[in-house]
Amino acid sequence: MHRGVWVGMTRFQRITNTICDLKALQSTFEINFKMVNMDIRKTLLWVVFSVSGIMLFNNWQISNGQTPLPLFAPPTASTTNNAKPESANSASVPLVTDPKASTSDVPLNQADTTASTLSKTITLKNDVLEIKINNKGGTIEHAVLRKHFENKEPIVLFNTGAQSTYLARGGLTAAGLDLPNHNDMFKEKLIEGEHKLILTASKNGVILERTYTLAPNSYVVEVQNKIINQTQSPISPFIYAELVKDGNVKAESQFYSTFTGPAIYTDKDKYKEIEFSDIEKKKVKIPEAQAQGESGWIAMVQHYFATAWIPDPSSARDVYFDRLGNNLYRVGVKSAINTIAAGASATQDSKLFIGPEEDGLLKEVAPGFELIKDYGYLTIIAKPLFWILTQIHEVVQNWGWAIIILTIFIKLIFFPLSAASYKSMARMKEVQPRLVQMKEQYKNEPQKLNSAMMAMYKQEKINPLGGCLPVLIQIPVFISLYWVLLLSVEMRGAPWLGWIHDLSKPDTLLSDLVGLSIPIGILPIIMAVSMFIQTKLNPTPPDPVQAKVMLYMPLAFSLMFFFFPSGLVLYYIVNNVLSIAQQWQINNMFGSKKS
């Protein structure tokens, strides 16, 4: 439970701003709208429609490759987010001292004095992962997920190009000594049958022998570092491992957002996400040093995928962050090695994860690693929901049907609360004619109108908030399910039926047929119809203008769902259909009693 709390505090602001609770907001808004002063009501309606229109136009801009409106610009890591990342071979960046661990330096990129013809890449691959390792520094500069695709092309994580930089590297460092690091050339030896690469570099009498091993069907690269001291004196080096990435953040949608950037985990501080902008402004609080035996790791996180260094917990460690240059950042971990006597050697192992954020995979990598799949402050609810969803999927073998069955299951659990809400709304609908009469009677006396309404509610034993409170209780569960469906990489490329080939993508059937750039599909239209029917079953506001506005308000909300993943829209459709059936039945029950 405590991990869910730690996770939640890191993303409370992001979740509270998301569009996921617009649905709940709409329900609450419809129920209580009549209780607000007329002028305020009109203002609220104009605000809702204005913001909806601006957001829809902004998404249209993004869909057509245009610059989004400044007010709704996607989250950026820094003010230099659109700048070209500084080269990984920049000679202008000085060494940075890590004050936490010791007086030793973690090397940055220095001038590349080696002829480029001596630099080459070596490939290791298995069924799920392919990596390319440069013999200059032993840097992993390219990684492809062979079973995950985007536009029919395999997903690329690590990459070095003109517009982006993303890589993993490491080396040795020590106070007053220049030891083999990611700036040096290594000799390579590839053992193809064992999917193993051995890199060796020597400097100032110290040899670093690094071995990369990629097991079959695994997203984890096993890394072994062997340090041989050929000097005449004992040495006390550190092994560092770091992830380097530009601060570019991919704009997914203005209606939902996920985190992109560094993340760390320690036994003391638990899971923590770090914004690129905080590194830029030097606002990152460095966590306390990790003692021997304590778990910890560093990562780079994005929607659906992550990379992470998991060091050997048997050594004391420190985490560090740096801005390497224009729009280029790193997160690293530095592990202490016991003093190595002259002529002796020491070995330390670590792991590098490069893969999807699948629950089954994450739990096996390291303690706390499953928290990379960050459900926010409702983790304690979201995790059981995802577990139930996966159990249903094991039976039906289709994520679309699993979503439908889970939605029905949740609706059945909350049936008593929903029934109470709909009964309250049905009672409100019964007294609607009396409300209209009161409005005419006290047309210019709002205070007397409110007094008369309250007296009627008391006489009829109606709680005007009775339809709102049951909805509020259900909101945390529905928001949790929203995040489960949004963050589950298992939905990527998962079909449902017919034209829905990928539940993680918007339904674009109609726009594909007519060649429109804006996503227009069947599911969002069904969603709009269901919201319209649901609104018709609710009590009608006494004012004709308000009634028309409330009638068309679902359209404004439902248009946003054109940009939502199909799995999310499917969930809302099923929930709406079940709500309509339940509300219709309750309305009929009250109608029968009245007759």
# chains A, B, ... in the order shown; residues from 1 in each chain; ligands from 1
call {"tool": "select_by_dssp", "arguments": {"residues": "range 288-384 of chain A", "states": "helix (DSSP H, G or I)", "output": "PyMOL selection string"}}
result
chain A and resi 359-365+369-372+376-384
call {"tool": "residues_around", "arguments": {"residues": "Ile133 in chain A", "least_positions_apart": "5", "cutoff": "12 Å", "atoms": "only C-alpha atoms", "output": "VMD selection string"}}
result
chain A and resid 119 to 125 138 to 143 158 to 160 167 to 169 182 186 188 to 190 196 to 199 210 to 213 221
call {"tool": "atom_distance", "arguments": {"atom1": "CA of Ser558 in chain A", "atom2": "CA of Ala528 in chain A"}}
result
5.2 Å
call {"tool": "select_by_dssp", "arguments": {"residues": "range 224-417 of chain A", "states": "strand (DSSP E or B)", "output": "PyMOL selection string"}}
result
chain A and resi 224-229+235+238-246+261-266+270-273+290+296-301+305-311+317-325+328-336+340+345-356
